[in-house]
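Beneath this line is the structure, given in structure tokens, with notes to follow.
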Amino acid sequence: MRIGVVTFPGTLDDRDAQRAVRIAGGEAVALWHADENLHKVDAVVLPGGFSFGDYLRCGAIAAQAPVMESIIKAANGGLPVLGICNGFQVLVESHLLPGGLIRNDVQTFVCRDQKLVVENVDTPWTNQFKLNQEITIPLKNGEGGYIADAETLKRLEGEGLVAFRYKDFNPNGSLNDIAGLRNERGNVVGLMPHPEHAVEAGFGPDASVAMRSGVDGLGFFKSVLNSVVNA
Amino acid sequence: MPKIIVEVMPKADLLDPAGKAVNNALHRNGHNEISNVRIGKRIELHFDRAVTDADVAAAQKIGEEFLSNAVIEDVVSVTVEN
């Protein structure tokens with residue numbers, strides 16, 4: 001179970017994502033932005049951060065990296081790809097997911113433990129969740145406002161492509177409270193909040209049992225290991 | 001230096017938080033005659049030779065596909081300075 005984690009210049013959460021893969025029971029494989037070789041991984045995580053300093057637009061320059069050419073090709077062939085935060089921005093800039101992400105409507109960086117509803121469990125990244133399960137994972141972004149034109153939104157809602165929706169509080173002005181999407185095939189999933197920061201008790205969001213004990217993010221990584229095993 | 005200048009603006013119906021923040025600051029400074037501010041990007045593509053029609057066509061394409069994101073922005077002008 002080799003899960004690739006891509007590092008671009010300016011990526012921050014690659015080590016956390018690698019650690020999340022290992023805690024879930026997989027082997028984390030570091031992928032480098034300038035190397036188009038995917039090293040026979042079974043899935044790819046595009047982690048969060050500020051790739052290329054958010055120059056031009058968040059994720060826009062990363063989307064042109066050699067490794068992305070291989071990932072786009074492999075994703076179109078069914079390889080599971082998860083984009084987290086800046087990784088989600090890379091996915092929309094790569095046109096693997098529709099729409100765009102703009103500066104938060106509150107005009108400030110937002111960092112909080114965020115409640116989400118998992119609205120789609122038919123993907124390699126969400127199959128260990130229950131439909132409409134509420135999860136809490138950290139959210140930290142400056143440009144997380146999801147937008148798309150009316151026609152695209154209608155299609156996303158009509159075809160059930162909204163994978164995660166903000167619950168109780170919309171932190172960034174995202175249309176329809178959209179926190180994350182899946183593609184038609186389901187193998188590509190992107191979201192702004194950070195599952196890799198909620199995988200080990202003591203270091204996650206506060207939960208009812210104890211402070212910092214939230215591990216709701218682990219489901220993402222267990223899901224992909226489960227789907228790879230069954231593939 | 002010959003150059004092509006590509007100008008990109010956030011779509012008109014989209015919230016431009018940077019423009020809004022600057023507008024608020026201008027109003028604090030008494031410039032209430034300014035009703036709105038929008039902030040876009042000016043991108044210069046430099047050439048070591050004269051710019052050709054093909055370069056302009058390529059710049060238009062680069063502008064639409066890479067320098068802007070059609071979901072949130074428009075290329076409002078592509079001009080040549082030879």
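Labels used: A, B, ... for chains in the order of the structure tokens, numbers from 1 for residues in each chain, and numbers from 1 for ligands as shown.
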Surrounding residues of segment 26-41 of chain B excluding itself and chain neighbours under 2 positions, 12 Å, only C-alpha atoms, as a ChimeraX atom specification
/A:55-57 /B:5-24,43-44,63,67-68,72-77
Enumerate, as JSON, numbers by chain, the complete set of residues in segment 7-226 of chain A that a backbone-based DSSP assignment places in helix (DSSP H, G or I).
{"A": [14, 15, 16, 17, 18, 19, 20, 21, 22, 23, 24, 51, 52, 53, 54, 62, 63, 64, 66, 67, 68, 69, 70, 71, 72, 73, 74, 75, 76, 86, 87, 88, 89, 90, 91, 92, 93, 150, 151, 152, 153, 154, 155, 156, 157, 158, 175, 176, 177, 195, 196, 197, 218, 219, 220, 221, 222, 223, 224, 225, 226]}
For a quick test of understanding: name the residues of chain A lying within 10 Å of chain B when counting only C-alpha atoms, and present them as a list in words.
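That gives Leu56, Arg57, Ala60, Ile61, Ala63, Gln64, Val92, Glu93, Pro98, Gly99, Gly100, Leu101, Ile102, Arg103, Asn104, Asp105, Val106, Gln107, Thr108, Ile147, Ala148 and Asp149 of chain A for chain A.
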Selected residues, N, CA and C atoms, written as a PDB file, in the first residue's frame, please.
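Output file result08.pdb follows:
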```pdb
ATOM      1  N   LEU A  56       0.785  34.056  -8.439  1.00  0.00           N
ATOM      2  CA  LEU A  56      -0.193  34.034  -9.526  1.00  0.00           C
ATOM      3  C   LEU A  56      -1.589  33.731  -8.972  1.00  0.00           C
ATOM      4  N   ARG A  57      -1.843  32.494  -8.593  1.00  0.00           N
ATOM      5  CA  ARG A  57      -3.056  32.100  -7.859  1.00  0.00           C
ATOM      6  C   ARG A  57      -2.670  30.860  -7.072  1.00  0.00           C
ATOM      7  N   ALA A  60      -1.803  27.449  -8.806  1.00  0.00           N
ATOM      8  CA  ALA A  60      -1.738  27.577 -10.274  1.00  0.00           C
ATOM      9  C   ALA A  60      -0.394  27.126 -10.835  1.00  0.00           C
ATOM     10  N   ILE A  61       0.682  27.473 -10.154  1.00  0.00           N
ATOM     11  CA  ILE A  61       2.010  27.113 -10.683  1.00  0.00           C
ATOM     12  C   ILE A  61       2.288  25.643 -10.391  1.00  0.00           C
ATOM     13  N   ALA A  63       0.171  23.350 -10.417  1.00  0.00           N
ATOM     14  CA  ALA A  63      -0.598  22.571 -11.391  1.00  0.00           C
ATOM     15  C   ALA A  63       0.196  22.329 -12.674  1.00  0.00           C
ATOM     16  N   GLN A  64       1.235  23.143 -12.911  1.00  0.00           N
ATOM     17  CA  GLN A  64       2.062  23.006 -14.115  1.00  0.00           C
ATOM     18  C   GLN A  64       3.319  22.164 -13.867  1.00  0.00           C
ATOM     19  N   VAL A  92      -8.212  22.038  -8.487  1.00  0.00           N
ATOM     20  CA  VAL A  92      -9.095  22.873  -9.315  1.00  0.00           C
ATOM     21  C   VAL A  92      -8.281  23.590 -10.401  1.00  0.00           C
ATOM     22  N   GLU A  93      -7.050  23.967 -10.080  1.00  0.00           N
ATOM     23  CA  GLU A  93      -6.215  24.611 -11.109  1.00  0.00           C
ATOM     24  C   GLU A  93      -5.789  23.602 -12.184  1.00  0.00           C
ATOM     25  N   PRO A  98     -13.939  20.898 -10.601  1.00  0.00           N
ATOM     26  CA  PRO A  98     -14.412  22.171 -11.167  1.00  0.00           C
ATOM     27  C   PRO A  98     -14.436  23.306 -10.141  1.00  0.00           C
ATOM     28  N   GLY A  99     -14.557  24.528 -10.628  1.00  0.00           N
ATOM     29  CA  GLY A  99     -14.722  25.694  -9.753  1.00  0.00           C
ATOM     30  C   GLY A  99     -13.409  26.341  -9.393  1.00  0.00           C
ATOM     31  N   GLY A 100     -13.454  27.169  -8.351  1.00  0.00           N
ATOM     32  CA  GLY A 100     -12.255  27.884  -7.925  1.00  0.00           C
ATOM     33  C   GLY A 100     -12.338  28.219  -6.452  1.00  0.00           C
ATOM     34  N   LEU A 101     -11.190  28.631  -5.890  1.00  0.00           N
ATOM     35  CA  LEU A 101     -11.136  29.005  -4.476  1.00  0.00           C
ATOM     36  C   LEU A 101     -10.601  30.413  -4.368  1.00  0.00           C
ATOM     37  N   ILE A 102     -11.360  31.268  -3.681  1.00  0.00           N
ATOM     38  CA  ILE A 102     -10.960  32.669  -3.567  1.00  0.00           C
ATOM     39  C   ILE A 102     -10.787  33.037  -2.099  1.00  0.00           C
ATOM     40  N   ARG A 103     -10.260  34.252  -1.884  1.00  0.00           N
ATOM     41  CA  ARG A 103      -9.991  34.701  -0.518  1.00  0.00           C
ATOM     42  C   ARG A 103     -11.255  34.592   0.344  1.00  0.00           C
ATOM     43  N   ASN A 104     -11.066  34.177   1.589  1.00  0.00           N
ATOM     44  CA  ASN A 104     -12.184  34.050   2.517  1.00  0.00           C
ATOM     45  C   ASN A 104     -12.999  35.344   2.553  1.00  0.00           C
ATOM     46  N   ASP A 105     -14.327  35.209   2.636  1.00  0.00           N
ATOM     47  CA  ASP A 105     -15.164  36.414   2.662  1.00  0.00           C
ATOM     48  C   ASP A 105     -14.881  37.281   3.890  1.00  0.00           C
ATOM     49  N   VAL A 106     -14.375  36.655   4.969  1.00  0.00           N
ATOM     50  CA  VAL A 106     -14.061  37.423   6.178  1.00  0.00           C
ATOM     51  C   VAL A 106     -12.732  38.178   6.040  1.00  0.00           C
ATOM     52  N   GLN A 107     -12.033  37.978   4.918  1.00  0.00           N
ATOM     53  CA  GLN A 107     -10.794  38.676   4.588  1.00  0.00           C
ATOM     54  C   GLN A 107      -9.625  38.365   5.517  1.00  0.00           C
ATOM     55  N   THR A 108      -9.763  37.367   6.354  1.00  0.00           N
ATOM     56  CA  THR A 108      -8.652  36.999   7.229  1.00  0.00           C
ATOM     57  C   THR A 108      -8.378  35.511   7.082  1.00  0.00           C
ATOM     58  N   ILE A 147     -16.052  28.745  -5.053  1.00  0.00           N
ATOM     59  CA  ILE A 147     -17.026  29.337  -5.971  1.00  0.00           C
ATOM     60  C   ILE A 147     -17.056  28.553  -7.277  1.00  0.00           C
ATOM     61  N   ALA A 148     -18.206  28.627  -7.925  1.00  0.00           N
ATOM     62  CA  ALA A 148     -18.370  28.057  -9.260  1.00  0.00           C
ATOM     63  C   ALA A 148     -19.575  28.766  -9.857  1.00  0.00           C
ATOM     64  N   ASP A 149     -19.712  28.714 -11.187  1.00  0.00           N
ATOM     65  CA  ASP A 149     -20.883  29.377 -11.766  1.00  0.00           C
ATOM     66  C   ASP A 149     -22.138  28.566 -11.451  1.00  0.00           C
TER      67      ASP A 149
END
```
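Going from atom CA of Val118 of chain A to atom CA of Leu139 of chain A covers 15.2 Å.
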Could you give me the residues within chain B that DSSP places in strand (DSSP E), as a ChimeraX atom specification?
/B:3-10,41-46,73-81
So which one's closest to Arg15 of chain A, A:Arg2, A:Gly49, A:Glu134, A:Glu143? Using only C-alpha atoms, please.
A:Gly49
Which neighbours of Thr52 of chain B fall inside 12 Å, counting only C-alpha atoms, when residues of the same chain fewer than 5 positions from it are skipped, and could you give them as number ranges by chain?
B: 2-4, 47, 57-59, 79-82
Mind dumping the selected residues with N, CA, C and O atoms as a compact mmCIF listing (two decimals), in the first residue's frame?
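Written out: part.txt:
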```txt
# COMPACT_ATOMS: atom_id res chain seq x y z
N PRO B 2 10.72 45.24 -26.01
CA PRO B 2 9.40 44.84 -26.51
C PRO B 2 8.68 43.98 -25.48
O PRO B 2 9.30 43.09 -24.88
N LYS B 3 7.41 44.25 -25.28
CA LYS B 3 6.67 43.44 -24.31
C LYS B 3 5.20 43.35 -24.64
O LYS B 3 4.65 44.20 -25.33
N ILE B 4 4.61 42.27 -24.12
CA ILE B 4 3.16 42.11 -24.19
C ILE B 4 2.65 42.25 -22.76
O ILE B 4 3.20 41.65 -21.84
N PHE B 47 10.28 40.37 -24.32
CA PHE B 47 10.89 39.70 -25.47
C PHE B 47 12.22 40.39 -25.79
O PHE B 47 12.35 41.59 -25.59
N ALA B 57 -1.05 36.24 -30.17
CA ALA B 57 -2.04 35.16 -30.10
C ALA B 57 -1.67 34.17 -28.99
O ALA B 57 -2.53 33.72 -28.23
N ALA B 58 -0.36 33.86 -28.90
CA ALA B 58 0.09 32.94 -27.85
C ALA B 58 -0.14 33.55 -26.47
O ALA B 58 -0.57 32.86 -25.54
N ALA B 59 0.12 34.87 -26.35
CA ALA B 59 -0.06 35.54 -25.06
C ALA B 59 -1.53 35.53 -24.64
O ALA B 59 -1.86 35.38 -23.47
N THR B 79 -2.04 43.89 -24.59
CA THR B 79 -1.52 44.98 -25.41
C THR B 79 -0.02 44.81 -25.66
O THR B 79 0.66 44.13 -24.90
N VAL B 80 0.45 45.40 -26.75
CA VAL B 80 1.85 45.26 -27.14
C VAL B 80 2.56 46.61 -26.99
O VAL B 80 2.01 47.66 -27.32
N GLU B 81 3.76 46.56 -26.44
CA GLU B 81 4.63 47.74 -26.40
C GLU B 81 5.92 47.37 -27.10
O GLU B 81 6.75 46.68 -26.50
N ASN B 82 6.10 47.75 -28.35
CA ASN B 82 7.32 47.37 -29.07
C ASN B 82 8.40 48.43 -28.90
O ASN B 82 8.12 49.58 -28.67
```
May I have the residues within 10 Å of Asp122 of chain A as a count of residues only, using only C-alpha atoms and disregarding those fewer than 2 positions away in the same chain?
14
Please list as number ranges by chain every residue within 12 Å of Ile71 of chain A, counting only C-alpha atoms and excluding residues in the same chain fewer than 2 positions away.
A: 4-6, 31-33, 35-46, 62-69, 73-83, 90-91, 94-96, 187-188
Which residue gives the smallest distance to Leu116 of chain A among A:Asn86, A:Thr11, A:Asn170, A:Ser70, with only C-alpha atoms counted?
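Smallest separation from Leu116 of chain A among the options: A:Asn170.
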